[in-house]
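K.L.:
Structure: my_file-v9.cif, mmCIF, C-alpha atoms and all ligand atoms.
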```
data_final
#
loop_
_atom_site.label_atom_id
_atom_site.label_comp_id
_atom_site.auth_asym_id
_atom_site.auth_seq_id
_atom_site.Cartn_x
_atom_site.Cartn_y
_atom_site.Cartn_z
CA MET A 272 80.53 130.87 80.84
CA GLU A 273 79.72 132.26 77.37
CA PHE A 274 81.56 130.69 74.44
CA SER A 275 82.09 132.12 70.99
CA SER A 276 82.36 128.62 69.57
CA LYS A 277 80.30 125.49 70.16
CA LEU A 278 83.38 123.37 69.41
CA LEU A 279 85.34 125.16 72.10
CA GLU A 280 82.45 124.84 74.54
CA ARG A 281 82.19 121.09 73.94
CA ALA A 282 85.91 120.55 74.48
CA VAL A 283 85.82 122.60 77.70
CA ASN A 284 82.77 120.70 78.95
CA GLU A 285 84.44 117.34 78.31
CA MET A 286 87.68 118.44 79.93
CA SER A 287 85.88 119.75 83.02
CA GLN A 288 84.44 116.28 83.67
CA LEU A 289 87.89 115.27 84.92
CA PRO A 290 88.41 115.23 88.70
CA GLY A 291 89.87 118.46 90.04
CA ILE A 292 89.38 120.32 86.75
CA GLY A 293 86.92 123.20 86.95
CA LYS A 294 85.58 125.13 83.94
CA ARG A 295 88.28 127.81 84.17
CA THR A 296 91.14 125.29 84.25
CA ALA A 297 89.47 123.35 81.44
CA LEU A 298 89.33 126.51 79.34
CA ARG A 299 92.99 127.26 80.04
CA LEU A 300 94.02 123.74 78.99
CA VAL A 301 91.88 123.78 75.86
CA LEU A 302 93.24 127.19 74.81
CA HIS A 303 96.74 125.87 75.40
CA MET A 304 95.98 122.98 73.07
CA LEU A 305 94.78 125.40 70.42
CA ARG A 306 98.07 127.29 70.64
CA GLN A 307 100.37 124.29 70.58
CA PRO A 308 101.25 122.52 67.29
CA LYS A 309 98.30 120.51 66.01
CA GLU A 310 100.34 117.27 66.06
CA GLN A 311 100.85 117.53 69.80
CA THR A 312 97.12 117.73 70.54
CA LEU A 313 96.46 114.87 68.13
CA ALA A 314 99.17 112.77 69.80
CA LEU A 315 97.49 113.32 73.19
CA SER A 316 94.09 112.40 71.86
CA GLU A 317 95.51 109.33 70.10
CA ALA A 318 97.32 108.20 73.26
CA LEU A 319 94.12 108.50 75.30
CA GLN A 320 92.01 106.67 72.74
CA THR A 321 94.49 103.82 72.35
CA MET A 322 94.92 103.49 76.10
CA ARG A 323 91.17 103.39 76.64
CA SER A 324 90.53 100.77 73.98
CA ASP A 325 93.64 98.59 74.28
CA VAL A 326 94.59 98.54 77.95
CA LYS A 327 94.00 95.25 79.74
CA PHE A 328 93.79 94.07 83.30
CA CYS A 329 96.14 91.22 84.21
CA LYS A 330 94.08 88.04 84.35
CA CYS A 331 95.99 86.94 87.42
CA CYS A 332 96.38 90.02 89.66
CA HIS A 333 94.10 92.65 87.99
CA ASN A 334 96.99 95.08 87.58
CA ILE A 335 96.84 97.29 84.48
CA SER A 336 98.82 95.71 81.68
CA ASP A 337 99.29 95.80 77.91
CA VAL A 338 99.17 92.01 77.75
CA GLU A 339 97.09 89.27 79.39
CA LEU A 340 99.61 88.57 82.14
CA CYS A 341 101.32 91.62 83.64
CA GLU A 342 105.12 91.92 83.83
CA ILE A 343 105.16 91.16 87.55
CA CYS A 344 103.07 87.97 87.27
CA ALA A 345 105.03 86.88 84.20
CA ASN A 346 108.40 87.35 85.93
CA PRO A 347 109.80 83.93 86.95
CA LYS A 348 111.94 85.56 89.66
CA ARG A 349 108.91 86.75 91.66
CA ASN A 350 107.63 84.55 94.51
CA LYS A 351 104.18 83.53 93.36
CA ASP A 352 103.31 82.14 96.78
CA VAL A 353 103.47 85.50 98.56
CA ILE A 354 100.62 87.80 97.58
CA CYS A 355 100.40 91.44 98.59
CA VAL A 356 96.77 92.59 98.62
CA VAL A 357 96.33 96.24 97.59
CA GLU A 358 93.46 98.57 96.79
CA ASP A 359 94.52 99.83 93.42
CA ILE A 360 97.20 100.10 90.80
CA ARG A 361 98.76 103.18 92.40
CA ASP A 362 99.62 101.05 95.44
CA VAL A 363 101.38 98.50 93.22
CA MET A 364 103.43 101.35 91.75
CA ALA A 365 104.22 102.75 95.22
CA ILE A 366 105.37 99.37 96.59
CA GLU A 367 107.32 98.51 93.41
CA ASN A 368 109.20 101.81 93.80
CA THR A 369 110.50 100.62 97.18
CA SER A 370 112.14 97.50 95.60
CA SER A 371 111.46 95.78 98.95
CA PHE A 372 108.97 93.22 97.77
CA ARG A 373 109.66 90.19 95.57
CA GLY A 374 106.25 88.53 95.73
CA VAL A 375 103.23 89.24 93.55
CA TYR A 376 100.13 91.39 93.99
CA HIS A 377 96.40 91.14 94.00
CA VAL A 378 94.62 94.38 93.10
CA LEU A 379 91.17 94.60 94.71
CA GLY A 380 90.04 97.64 92.73
CA GLY A 381 88.96 99.55 95.86
CA LYS A 382 87.87 98.82 99.39
CA ILE A 383 84.56 97.88 100.96
CA SER A 384 82.69 101.11 101.60
CA PRO A 385 78.95 100.82 102.25
CA MET A 386 78.72 104.66 102.33
CA ASP A 387 79.82 104.76 98.69
CA GLY A 388 77.76 101.72 97.79
CA ILE A 389 80.84 99.49 97.33
CA GLY A 390 80.31 95.97 98.60
CA PRO A 391 82.66 92.96 98.44
CA HIS A 392 81.11 91.78 95.17
CA GLN A 393 82.20 94.90 93.30
CA LEU A 394 85.80 94.15 94.21
CA ASN A 395 88.21 91.45 93.04
CA ILE A 396 87.82 89.44 96.24
CA ALA A 397 86.31 86.20 94.92
CA SER A 398 89.30 85.66 92.60
CA LEU A 399 91.67 86.16 95.54
CA VAL A 400 89.85 83.60 97.70
CA LYS A 401 89.85 81.19 94.74
CA LYS A 402 93.62 81.66 94.37
CA VAL A 403 94.16 80.87 98.05
CA LYS A 404 91.95 77.78 97.77
CA GLU A 405 93.40 76.37 94.58
CA GLU A 406 97.00 77.48 94.36
CA GLU A 407 100.02 77.00 96.58
CA ILE A 408 99.93 80.28 98.46
CA SER A 409 102.00 80.58 101.63
CA GLU A 410 101.30 84.17 102.69
CA LEU A 411 98.87 87.03 102.14
CA ILE A 412 100.11 90.49 103.06
CA PHE A 413 97.34 93.02 103.58
CA ALA A 414 98.63 96.37 102.36
CA LEU A 415 95.48 98.44 102.43
CA SER A 416 95.21 101.95 103.83
CA SER A 417 94.69 101.91 107.58
CA THR A 418 91.28 103.53 107.35
CA MET A 419 88.01 102.06 108.57
CA GLU A 420 87.20 100.87 105.04
CA GLY A 421 90.64 99.32 104.71
CA ASP A 422 90.23 97.47 108.01
CA THR A 423 86.75 96.25 107.05
CA THR A 424 88.09 94.93 103.76
CA ASN A 425 91.07 93.19 105.41
CA PHE A 426 88.80 91.54 107.91
CA TYR A 427 86.26 90.45 105.31
CA ILE A 428 88.99 88.70 103.33
CA PHE A 429 90.64 87.29 106.43
CA LYS A 430 87.38 85.61 107.50
CA GLN A 431 87.14 83.85 104.13
CA ILE A 432 90.68 82.53 104.01
CA LYS A 433 91.58 81.91 107.66
CA ASP A 434 90.80 78.18 107.49
CA PHE A 435 93.22 77.49 104.63
CA GLY A 436 96.28 77.48 106.85
CA ILE A 437 98.23 80.28 105.22
CA THR A 438 100.15 83.05 106.95
CA THR A 439 98.42 86.42 106.92
CA SER A 440 100.28 89.58 107.74
CA THR A 441 99.71 93.28 107.48
CA ILE A 442 102.10 96.09 106.69
CA ALA A 443 103.27 97.68 109.85
CA ARG A 444 105.65 100.31 111.05
CA GLY A 445 105.42 103.84 109.79
CA ILE A 446 102.03 103.76 108.13
CA SER A 447 99.88 105.82 110.45
CA VAL A 448 96.19 105.33 111.00
CA GLY A 449 94.16 107.07 108.33
CA ASP A 450 97.08 107.23 105.90
CA GLU A 451 96.53 106.52 102.24
CA LEU A 452 99.23 104.16 101.06
CA GLU A 453 100.19 106.07 97.94
CA TYR A 454 101.24 109.12 99.97
CA ALA A 455 103.69 107.22 102.19
CA ASP A 456 107.34 107.85 101.35
CA GLU A 457 109.30 104.99 99.77
CA ILE A 458 111.54 104.23 102.74
CA THR A 459 108.63 104.12 105.19
CA LEU A 460 106.57 101.98 102.86
CA GLY A 461 109.50 99.66 102.10
CA ARG A 462 110.21 99.21 105.80
CA SER A 463 106.56 98.52 106.54
CA ILE A 464 106.56 95.63 104.07
CA VAL A 465 109.76 94.14 105.45
CA ASN A 466 108.58 94.51 109.07
CA ARG A 467 105.06 93.28 108.49
CA ILE A 468 103.21 91.75 111.43
CA PRO A 469 100.82 88.78 111.72
CA PHE A 470 97.36 89.94 110.71
CA GLU A 471 95.68 88.42 113.78
CA SER A 472 97.71 90.59 116.12
CA SER A 473 96.59 93.70 114.26
CA ILE A 474 92.87 93.18 114.85
CA LYS A 475 90.67 92.92 117.89
CA LEU A 476 88.74 89.69 117.44
ZN ZN B 501 99.55 90.38 87.18
#
```
Show me this structure written as structure tokens.
Ligand SMILES: [Zn+2]

P.N.:
Amino acid sequence: MEFSSKLLERAVNEMSQLPGIGKRTALRLVLHMLRQPKEQTLALSEALQTMRSDVKFCKCCHNISDVELCEICANPKRNKDVICVVEDIRDVMAIENTSSFRGVYHVLGGKISPMDGIGPHQLNIASLVKKVKEEEISELIFALSSTMEGDTTNFYIFKQIKDFGITTSTIARGISVGDELEYADEITLGRSIVNRIPFESSIKL
């Protein structure tokens, strides 16, 4: 792609680093920004910069938050002894949208995937095990995608916490094998939390 301006070229190159954005789409977006009022483009750039520098991860559950303790963890009405283990922040948003869950979350930040070079130590697993050891936790609900990586991750965690005498369950009905959680509809996902099943009965030991 030949550019008449180095500034334009740089903006397009940066934009095309985003997932799913090719050079053509990047050019279309950048040209759109040139046409729109300057303030609008500056507002976007300011929002991105501030988000990148100021956003925090909840020190308790690793959810994205503007403060040290996220709104869910800080809410006294949530059951702190029931923890729903999810892969990422999008899963927290999906489950919160169902309004079916009154416990708290633990965001792993991904799932164990040797193919992608992601081992247990790159994920927030140690802090979860520590929580189970040191705090009064009654139940862990595994709400990971039912993919091979999700199953591996569930089982890895289960092995570490099974001797602490807490209930472990996994989301059940309606989430089909291979499904990514964030694509499940709200009713299905809500029902699968309510009708969760004991984790042990979901695995072949
Ligand atoms: Zn939190």

K.L.:
For A:Thr424, find every residue with an atom within 9 Å (counting only C-alpha atoms), except residues of its own chain fewer than 2 positions away, and show them as number ranges by chain.

P.N.:
A: 382-384, 391, 415, 419-422, 426-429

K.L.:
Using only C-alpha atoms, pick whichever of A:Glu407, A:Gly390, A:Val363, A:Lys277 has the shortest atom-to-atom distance to A:Ile335.

P.N.:
A:Val363

K.L.:
Quote the spacing between atom CA of A:Lys348 and atom CA of A:Thr439 in Å to one decimal place.

P.N.:
21.9 Å

K.L.:
Within 9 Å of ligand ZN 501 (chain B), counting only C-alpha atoms and all ligand atoms, which protein or nucleic acid residues do you find, written as a PDB file with C-alpha atoms, in the frame of the given file?

P.N.:
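And here is the file that came out, pocket25.pdb:
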```
ATOM      1  CA  PHE A 328      93.790  94.070  83.300  1.00  0.00           C
ATOM      2  CA  CYS A 329      96.140  91.220  84.210  1.00  0.00           C
ATOM      3  CA  LYS A 330      94.080  88.040  84.350  1.00  0.00           C
ATOM      4  CA  CYS A 331      95.990  86.940  87.420  1.00  0.00           C
ATOM      5  CA  CYS A 332      96.380  90.020  89.660  1.00  0.00           C
ATOM      6  CA  HIS A 333      94.100  92.650  87.990  1.00  0.00           C
ATOM      7  CA  ASN A 334      96.990  95.080  87.580  1.00  0.00           C
ATOM      8  CA  ILE A 335      96.840  97.290  84.480  1.00  0.00           C
ATOM      9  CA  SER A 336      98.820  95.710  81.680  1.00  0.00           C
ATOM     10  CA  GLU A 339      97.090  89.270  79.390  1.00  0.00           C
ATOM     11  CA  LEU A 340      99.610  88.570  82.140  1.00  0.00           C
ATOM     12  CA  CYS A 341     101.320  91.620  83.640  1.00  0.00           C
ATOM     13  CA  GLU A 342     105.120  91.920  83.830  1.00  0.00           C
ATOM     14  CA  ILE A 343     105.160  91.160  87.550  1.00  0.00           C
ATOM     15  CA  CYS A 344     103.070  87.970  87.270  1.00  0.00           C
ATOM     16  CA  ALA A 345     105.030  86.880  84.200  1.00  0.00           C
ATOM     17  CA  VAL A 375     103.230  89.240  93.550  1.00  0.00           C
ATOM     18  CA  TYR A 376     100.130  91.390  93.990  1.00  0.00           C
ATOM     19  CA  HIS A 377      96.400  91.140  94.000  1.00  0.00           C
ATOM     20  CA  VAL A 378      94.620  94.380  93.100  1.00  0.00           C
TER      21      VAL A 378
END
```

K.L.:
Please, what distance in Å, to one decimal, runs between atom CA of A:Leu379 and atom CA of A:Gln320?

P.N.:
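That distance, rounded to one decimal, is 25.1 Å.
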
K.L.:
Can you tell me how far atom CA of A:Arg467 sits from atom CA of A:Arg349, in Å to one decimal?

P.N.:
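Computed distance, atom CA of A:Arg467 to atom CA of A:Arg349, equals 18.5 Å.
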
K.L.:
With distances taken over all atoms listed in the file, which of A:Ser472, A:Asn284, A:Thr369, A:Ser440 is nearest to A:Ile354?

P.N.:
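Closest to A:Ile354, using all atoms listed in the file: A:Ser440.
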
K.L.:
Find the spatial neighbours of A:Ser370, counting all atoms listed in the file, within a cut-off of 10 Å - ignore same-chain residues fewer than 2 positions away - and output them as a list in words.

P.N.:
Ala365, Ile366, Glu367, Asn368, Phe372, Arg373, Glu457, Ile458 and Gly461 of chain A

K.L.:
Could you list, as a short mmCIF file (atom, residue, chain, number, x, y, z; two decimals) with C-alpha atoms, keeping the file's coordinate frame, every residue within 10 Å of A:Ala282, counting all atoms listed in the file and ignoring same-chain residues fewer than 4 positions away?

P.N.:
```
data_model
loop_
_atom_site.label_atom_id
_atom_site.label_comp_id
_atom_site.auth_asym_id
_atom_site.auth_seq_id
_atom_site.Cartn_x
_atom_site.Cartn_y
_atom_site.Cartn_z
CA LYS A 277 80.30 125.49 70.16
CA LEU A 278 83.38 123.37 69.41
CA MET A 286 87.68 118.44 79.93
CA SER A 287 85.88 119.75 83.02
CA ALA A 297 89.47 123.35 81.44
CA LEU A 298 89.33 126.51 79.34
CA LEU A 300 94.02 123.74 78.99
CA VAL A 301 91.88 123.78 75.86
CA LEU A 302 93.24 127.19 74.81
#
```

K.L.:
Let me make sure I understand: among A:Glu280, A:Val403, A:Ile396, A:Gly374, which one has the smallest atom-to-atom distance to A:Asn346 if we use only C-alpha atoms?

P.N.:
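Going through A:Glu280, A:Val403, A:Ile396, A:Gly374 one by one, the smallest distance to A:Asn346 is for A:Gly374.
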